[in-house]
Structure formats: structure tokens, C-alpha cells
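This report refers to the structure that appears directly beneath it.
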Protein chains: 2
Amino acid sequence: MELNERKLKILEAIISNYLDTAEPVGSRTISKNYDLGISPATIRNEMSDLEELGFIMQPHTSAGRIPSDKGYRLYVDMILSAKYDSPKHLSYVEALLNKAGRIETLLQDIVAVLAKETNLTAIVSTPQYSKCKIKNIQLIELEAQKVLAVIVTDGNMANNYVLEINEDMDQPMLNKLSFILNNQLHGLDVEEINLPLIEKIKAFAGNQDEIIGKVLEVVFQAVHNNDDTQIYTSGAINMLRLPEFSDLEKATSIMETLDKKDYIRQLLLNDFDGESIETDGVNIKIGSENNNENMKDCSLITTTYHIGGKPLGVIGLIGPRRMDYQSAIFSLKCLIKEIEKRMNDS
Amino acid sequence: MELNERKLKILEAIISNYLDTAEPVGSRTISKNYDLGISPATIRNEMSDLEELGFIMQPHTSAGRIPSDKGYRLYVDMILSAKYDSPKHLSYVEALLNKAGRIETLLQDIVAVLAKETNLTAIVSTPQYSKCKIKNIQLIELEAQKVLAVIVTDGNMANNYVLEINEDMDQPMLNKLSFILNNQLHGLDVEEINLPLIEKIKAFAGNQDEIIGKVLEVVFQAVHNNDDTQIYTSGAINMLRLPEFSDLEKATSIMETLDKKDYIRQLLLNDFDGESIETDGVNIKIGSENNNENMKDCSLITTTYHIGGKPLGVIGLIGPRRMDYQSAIFSLKCLIKEIEKRMNDS
DNA sequence: TGTTAGCACTCCACACAAATGAGTGCTAAC
DNA sequence: GTTAGCACTCATTTGTGTGGAGTGCTAACA
């Protein structure tokens with residue numbers, strides 16, 4: 001038995017209807033609402049076949065059908081291969097992006113917009129710091145024995161570190177040290193800072209090697225720390241309003257999952273590390289494809305953003321399996337386009 | 001009719017029991033579990049009086065009693081006036097605080113700990129920037145026509161601003177400008193920066209007045225923007241596990257409320273602005289005292305933290321009215337003590 | 001006069017049965 | 001190959017009865 005044209009049409013009808021209503025779809029509903037020119041009985045036969053093929057399933061004997069992960073997969077692959085949608089230019093996004101500011105704030109604004117736009121949960125990882133190029137390092141006097149190190153990288157990301165050192169320093173001295181640091185580090189990737197390099201640079205600093213060493217060690221540690229990237233989320237409550245989570249047990253469970261930053265980080269960066277960037281840059285995991293009990297009723301759409309040609313972060317949407325993939329993908333693409341424009345010209 | 005000793009004991013018993021069980025408390029329960037030496041019938045008479053006095057109420061005719069806001073208020077005032085609890089030194093908090101770092105990160109860590117400790121929702125506002133003293137300003141070269149301004153204030157808070165200017169600048173030049181800025185601004189409150197002052201400082205900068213003006217204008221704007229303080233929350237999901245929110249409708253409603261940062265900011269800073277800092281620094285609003293429909297089933301405990309002797313931020317806990325006020329207040333006091341120690345020595 | 005046992009009454013919560021209805025699979029006719 | 005008809009399934013809704021927790025009131029008691 002194979003998936004002929006008519007079966008495919010029925011499958012599409014089932015999915016389409018289910019996306020709208022969240023209710024199992026019966027043969028009569030399809031016959032009435034979709035102009036396929038066949039009776040409920042015929043549709044029932046086809047549905048029986050579709051179930052045997054694994055594309056749809058029945059919650060219980062006398063209910064209609066709902067799409068299975070395999071069914072969604074087919075549907076989503078069709079959307080992805082269509083690629084007819086050229087991302088629109090969204091003026092409100094541009095307005096958002098034109099507010100010059102820190103990239104962290106920008107990303108937080110972006111997930112907020114994305115979540116509001118799609119009524120889903122939006123997540124984003126801050127750029128992978130270790131792979132960024134160092135643009136500028138500046139040491140700033142705080143008080144006796146305390147110094148603030150500001151490290152600016154690609155995309156004008158600024159990271160601040162408070163350092164404790166064992167001697168007092170005034171700003172002119174710190175400027176001198178900053179100059180040395182910049183000479184040595186400008187243009188390097190953050191992860192290129194390693195112990196031999198630290199020793200080498202310390203030599204240049206003469207008797208001020210302590211603070212130089214300290215700055216570099218802090219950066220070194222930050223790099224070898226997977227706390228490297230931050231995760232921002234927005235719109236988790238959107239899930240509470242969905243019928244699939246109308247059971248308090250499930251609602252609590254999904255909220256708890258979305259609240260675990262470490263877990264979300266892993267979910268987001270999983271494929272990213274493995275370089276399995278797919279189809280047009282958009283990657284979709286449906287239900288059990290996430291390989292995780294807590295996410296089995298959810299789908300995850302992700303895509304990467306690039307700074308200086310390198311993929312440095314991931315932005316994504318989490319929603320119920322029964323989500324509007326079409327428009328979610330579209331929103332994501334539009335935003336990515338604008339983000340990259342902003343980050344790379346700045 | 002007045003509130004004699006026995007009535008008070010019964011009220012305490014009712015509240016104590018209700019805090020544990022979240023179920024209306026009947027006369028038999030009190031007679032059995034609390035050693036008051038009187039029978040259920042007598043207790044019933046007293047309860048009838050307590051209800052008439054407005055301290056307790058009945059959800060329906062044949063149910064036990066639950067405390068009213070007025071009842072909680074009496075109970076809470078007794079706790080507050082007792083003040084026998086000298087905040088303990090918590091080693092795990094100290095460990096947290098000793099990680100030198102940005103104040104924003106610190107505050108985020110603190111609410112996380114507080115929420116975990118109390119199983120409530122913890123909220124904190126970042127220090128009121130406009131009332132902080134300027135410690136240091138440093139301009140950092142980013143790229144052609146873009147400069148990063150780092151402004152460090154009391155408590156080593158660093159705020160970064162990306163500025164666009166109309167001419168190229170190298171770092172030595174920016175250092176010179178930073179020097180001028182520091183000379184003029186060091187020790188001032190941020191809010192003391194105003195238009196006349198800006199003009200005055202511009203004069204010192206000679207032909208570099210554009211960038212100087214720009215930096216100051218950005219700061220000026222930030223001050224006159226109530227986006228001044230950020231709000232961090234943690235543990236909102238703790239609410240989902242409480243029996244008072246076992247109804248999905250209510251659960252969603254409270255989660256939505258807690259998700260509205262602007263609303264929470266207002267709630268937190270309401271009394272703060274009005275300087276109505278109360279009893280031992282701890283301020284409690286019970287249920288309808290919050291004057292807000294969404295918060296009518298919740299209580300809010302707040303207290304301020306000081307930097308350099310000035311109250312600059314608020315930290316608080318949101319929980320069900322039926323929360324363990326005693327231990328919540330205690331946790332809050334302990335944390336405040338440690339925070340202030342850390343912020344003021346740094 | 002304050003306390004207590006007894007009792008009728010109220011009302012929620014829960015369990016259980018019956019009715020409803022949406023949807024199916026199968027069969028036989030077209 | 002398609003379709004009408006029909007028996008069957010099963011979740012959901014509705015109705016009903018029962019148990020139990022708790023009250024208020026009354027009358028008796030110390």
C-alpha cells in the first residue's frame with residue numbers, strides 16, 4: 001500500500017483541521033469541510049489505510065484521528081521543501097533593532113517580540129563567546145584593589161568582569177595595560193587565549209604582570225566554562241492557554257521544563273555543536289524526535305544566526321506539536337534576517 | 001465583644017492549621033490537635049464570635065473556617081512585633097556572594113536562591129541607577145563612528161551604552177575624554193546630570209564636544225526613563241504546585257500577572273517611592289491590601305536594600321496568603337543582611 | 001453564667017448509572 | 001471502487017443518591 005494523491009489530501013485535511021481545533025478529526029468533518037468529492041465512508045477506508053501506514057492515530061476506538069509524529073514530519077517536510085516564502089521586511093522589527101544597545105538587551109527584546117507574534121515560547125542563546133573575535137579590552141579603575149575588565153567582541157558584545165588584585169592602580173596605569181592587552185589580543189578569537197599565550201603576554205607587562213595574568217585567566221576560565229552562553233526565553237505562559245496543557249499536571253510539567261535554563265540550553269545547542277544545520281537553516285524536531293519525555297508533546301523549531309560569517313547562536317520556538325509551523329518558520333526567518341543585518345553592519 | 005486571650009488562641013490555632021493544610025478548619029480539629037482544654041461546642045461559640053469580628057470566614061455554610069485578610073493581618077503584626085529572630089549567617093549565601101561579579105548577575109543568583117529556599121516567588125529590583133554615585137566613566141573604541149560608554153556606579157554596577165558619533169576616534173583620544181568626564185562627574189549622583197551641567201562640561205572638551213555631549217545625553221535620557229530599574233524574578237512556577245491555584249484558570253491568571261514585569265515593578269516600587277518603609281524594614285501586603293484583583297489571593301513581603309546608606313532597591317517574596325510568613329520574613333532578612341554587607345564593602 | 005452533649009440541618013464531594021453523541025468498521029448494494 | 005446503512009464502542013455529560021464534615025441551636029449541667 002502506498003501514499004497516493006488522495007491519501008495525501010486527506011492527511012493534509014486532517015492535519016489542517018487538527019491544527020485549528022485540537023480535536024480528533026472524523027470522516028464526516030472532512031467530507032463536509034474539504035471539497036474532496038468523496039463520501040465519509042470512502043474517507044474512512046482511506047483513513048484506516050493512513051493509520052496502518054503510521055501517519056495518523058486514534059486516541060481511542062470511537063474517536064476521530066489525530067496526526068502522528070510521522071504525519072507531522074511529512075507535512076513539515078513539505079512546507080520546508082516548498083520554500084516559496086521570501087521573508088518579509090518587518091518595519092516594527094527594524095524599529096526594534098535600530099535602538100542601538102547591548103546585544104543582550106537586543107536578544108531579550110527579540111524573543112519578546114517573537115513570542116508575542118507567534119503566541120509560542122521563544123528562546124535564544126547569546127552568541128558563543130568563545131568563538132567571537134576580540135575587538136577591544138579595557139580596564140577600569142573601581143577602587144582599591146578592584147578593577148573592572150570590559151571585553152568587547154564582534155557584534156559589540158561587552159562582557160564585564162570585576163577582578164580583585166593585590167595592589168592599587170590608577171586609571172592611566174590601567175590604560176597602559178589595556179593598550180598592551182589590545183596589541184596582543186585584538187583580532188584573536190576568545191578561545192585562542194590559552195596558558196602559553198598568557199605567559200607570553202605577561203612578559204610584556206613587566207612588574208604589572210599580576211593584573212594582566214588575572215584578566216586573562218578570568219577570560220580563559222569563562223571560555224572553558226559552558227556557562228559561556230546565556231539563554232533568554234519569553235512567552236512560556238503562552239503554553240498555559242493551549243488545550244493540550246489544560247490538564248494541570250501537564251501544564252506544570254511543561255512550565256517546569258521551560259524554566260530549566262540548563263535543559264533548554266542543551267536542547268538548543270545540541271544540534272548546533274554537531275553542526276547538523278539543516279534544510280534552509282531551519283531545523284525542526286517534532287514530539288518524540290526531541291528524545292525527551294518532557295518534550296514529547298512539543299515541537300522545536302530552531303535556526304542559527306551568524307556574526308562575521310560564523311554561526312554563533314541559536315534562536316528558536318517551542319510550541320505544541322499542533323502548532324502553525326508555516327507561520328512560525330516564517331516569523332523566525334524574518335527575524336533572523338533582520339538580526340543578522342543589524343549585527344553584521346554594527 | 002472583644003478579642004480575649006482565648007479567642008486569640010483559637011484564631012492562632014485556625015491560622016496555624018490552615019497554613020499547613022489549606023483546608024477550612026473545624027471546631028473538632030482544633031479541640032483535638034490544640035490543647036486548649038475546651039470542647040468543640042465552646043470553640044464553635046468562639047468561632048462564631050471571631051467570624052462576627054471579621055477575623056475568620058466560612059467558604060460555605062457547612063464548612064470550617066478560614067482566616068480573613070484581617071485575621072492574617074493580626075497574625076502577621078504579631079510576628080513582626082515579636083522581632084526575636086536575629087538573622088542567621090548563612091554560609092551558602094556567603095559562598096554565593098563571594099563570587100565577584102556584576103551586580104545584575106548577583107541579584108539574579110539571589111532571587112534564585114531565595115525562591116528555592118522558600119518555595120515562593122522571589123523578586124528584586126536592580127538599584128535605582130539615578131540615585132547612585134558615579135564612580136568612573138570610560139569610553140571604549142568599537143569601530144568607525146561607534147563608541148562604547150561604560151559607566152560604573154556605587155556597588156560596582158556597570159552600565160554599557162553603544163553610542164554612534166559622527167567622527168572616528170582612537171583609544172588614546174577616548175582615554176583623554178574619559179579623563180575629562182571623570183574629573184567632572186566623579187562623585188555626583190547620576191540624576192545630578194542635567195542640561196546646564198552638560199553644556200558646562202562640553203566646554204572643557206574643546207572640539208571633541210560632540211561625543212562628550214552624546215555620552216551625557218544618553219545618561220541623561222536613561223535617568224529620565226523609568227526603565228531605569230530592571231526586575232528579576234524567580235520561582236513563579238512554585239505557585240503552580242499550590243492547592244490555591246489547582247484551578248487552571250487561577251493558575252494561568254497568577255502566572256500571567258507574575259510575568260508582567262511592568263506590573264511587578266510598580267507593585268514593588270509603589271511603597272518604595274512613597275518612602276513608607278515600615279516595621280523593621282519589612283513591609284507586608286496581604287491579599288486585598290494589594291489593591292489589585294490579580295493579587296487578591298496573594299501576599300507580598302518586601303524589604304529594601306541599601307547601598308552607601310541609601311535605599312536603592314527592593315527585594316521581595318510573593319506567595320499565597322496562606323504562606324509561612326515567619327520563615328519567609330526570616331529568609332528575607334538573612335539575605336538582605338548578606339547582600340548589604342557585600343555591596344557596601346565592595 | 002459559662003460549658004458541654006445532643007441533634008437536626010446544610011451543603012459539598014464523590015460515586016455510580018443512564019443518556020448522549022461522535023465516530024468507527026463492516027457488510028451489502030450500487 | 002464507492003457508498004448507504006447499521007451495529008457497536010467509548011468518552012463525555014447529566015442526573016441522582018449517599019456519606020460525611022461541620023455548623024447552629026437547645027437543653028442540661030456545674
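Naming works like this for the C-alpha cells: A, B, ... for the chains as they're shown, residue 1 at the start of each chain, ligands 1 onward in shown order.
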Produce a table with one row for each residue of chain B that has an atom at most 8 Å from any atom of chain D, each row naming the nearest atom pair and its distance in Å at one decimal; use only C-alpha atoms (C1' of nucleotides); arrange rows by chain and rising residue number; format as a Markdown table.
```
| residue | atom | partner | partner_atom | distance |
| --- | --- | --- | --- | --- |
| B:Gly26 | CA | D:DG22 | C1' | 6.4 |
| B:Ser27 | CA | D:DG22 | C1' | 8.0 |
| B:Thr61 | CA | D:DT23 | C1' | 7.1 |
| B:Ser62 | CA | D:DG22 | C1' | 5.0 |
| B:Ala63 | CA | D:DG22 | C1' | 5.4 |
| B:Gly64 | CA | D:DG22 | C1' | 6.1 |
```
Would you output that residue set with C-alpha atoms, as a short mmCIF file (atom, residue, chain, number, x, y, z; two decimals), in the first residue's frame?
```
data_model
loop_
_atom_site.label_atom_id
_atom_site.label_comp_id
_atom_site.auth_asym_id
_atom_site.auth_seq_id
_atom_site.Cartn_x
_atom_site.Cartn_y
_atom_site.Cartn_z
CA GLY B 26 -13.44 22.89 62.02
CA SER B 27 -14.06 23.07 65.75
CA THR B 61 -22.47 27.10 55.49
CA SER B 62 -21.33 23.65 56.48
CA ALA B 63 -17.60 24.17 56.14
CA GLY B 64 -14.94 25.03 58.69
#
```
List every residue of chain C that has an atom at most 10 Å from any atom of chain B, and for each one report the closest atom pair and its distance in Å to one decimal, counting only C-alpha atoms (C1' of nucleotides), with rows sorted by chain and then by increasing residue number, as a Markdown table.
```
| residue | atom | partner | partner_atom | distance |
| --- | --- | --- | --- | --- |
| C:DG2 | C1' | B:Thr42 | CA | 9.3 |
| C:DT3 | C1' | B:Thr42 | CA | 6.6 |
| C:DT4 | C1' | B:Ala41 | CA | 6.6 |
| C:DA5 | C1' | B:Ala41 | CA | 8.7 |
| C:DC9 | C1' | B:Ser62 | CA | 9.5 |
| C:DT10 | C1' | B:Ser62 | CA | 5.8 |
| C:DC11 | C1' | B:Ser62 | CA | 5.9 |
| C:DC12 | C1' | B:Ser62 | CA | 8.2 |
```
| message | Can you measure atom CA of Cys132 of chain B to atom CA of Leu312 of chain B for me? One decimal in Å is fine. | response | 7.9 Å
| query | Using only C-alpha atoms, which chain A residues lie at most 10 Å away from chain B, written as a PyMOL selection string? | reply | chain A and resi 99-103+135-144+146-148+150-164+171-172+175-176+178-179+234-241+245-249+251-253+255-256+259+346
| task | Just the strand (DSSP E or B) stuff from segment 105-150 of chain A, please, per backbone DSSP, written as a VMD selection string. | result | chain A and resid 121 to 125 133 to 143 146 to 150
Dump C-alpha atoms for the selected residues as an mmCIF file, in the first residue's frame?
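part-v4.cif was written with the following content:
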```
data_model
loop_
_atom_site.group_PDB
_atom_site.id
_atom_site.type_symbol
_atom_site.label_atom_id
_atom_site.label_comp_id
_atom_site.auth_asym_id
_atom_site.auth_seq_id
_atom_site.Cartn_x
_atom_site.Cartn_y
_atom_site.Cartn_z
ATOM 1 C CA THR A 121 7.621 30.185 23.547
ATOM 2 C CA ALA A 122 10.650 31.867 22.036
ATOM 3 C CA ILE A 123 14.190 31.048 23.074
ATOM 4 C CA VAL A 124 17.564 32.341 22.070
ATOM 5 C CA SER A 125 21.150 31.683 23.043
ATOM 6 C CA LYS A 133 36.831 37.858 17.856
ATOM 7 C CA ILE A 134 38.186 40.214 20.469
ATOM 8 C CA LYS A 135 37.736 43.806 19.457
ATOM 9 C CA ASN A 136 38.848 45.707 22.485
ATOM 10 C CA ILE A 137 39.793 45.195 26.113
ATOM 11 C CA GLN A 138 39.666 48.000 28.608
ATOM 12 C CA LEU A 139 40.491 48.002 32.299
ATOM 13 C CA ILE A 140 38.621 50.425 34.509
ATOM 14 C CA GLU A 141 39.504 51.587 37.995
ATOM 15 C CA LEU A 142 36.904 50.721 40.601
ATOM 16 C CA GLU A 143 38.502 51.169 43.994
ATOM 17 C CA LYS A 146 39.423 46.184 42.407
ATOM 18 C CA VAL A 147 39.370 46.575 38.669
ATOM 19 C CA LEU A 148 36.651 46.166 36.074
ATOM 20 C CA ALA A 149 37.647 44.484 32.842
ATOM 21 C CA VAL A 150 35.443 45.174 29.839
#
```
| task | Figure out the distance between atom CA of Lys296 of chain B and atom CA of Met1 of chain B, please, to one decimal in Å. | result |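 Answer for the atom CA of Met1 of chain B to atom CA of Lys296 of chain B separation: 28.7 Å.
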| message | List as a list of chain:residue names the protein and nucleic acid residues near segment 108-117 of chain A, meaning an atom at most 10 Å away when only C-alpha atoms (C1' of nucleotides) are counted, but skip any in the same chain fewer than 6 places from it. | response |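 These residues fall inside the cut-off: A:Tyr92, A:Val93, A:Leu96, A:Leu97, A:Ile123, A:Val124, A:Ser125, A:Thr126, A:Ile231, A:Tyr232, A:Thr233, A:Ser234, A:Gly235, A:Ala236, A:Ile237, A:Asn238, A:Ile315, A:Gly316, A:Leu317, A:Ile318, A:Ser327, A:Ala328, A:Ser331, A:Leu332, A:Leu335, A:Ile336, A:Ile339.
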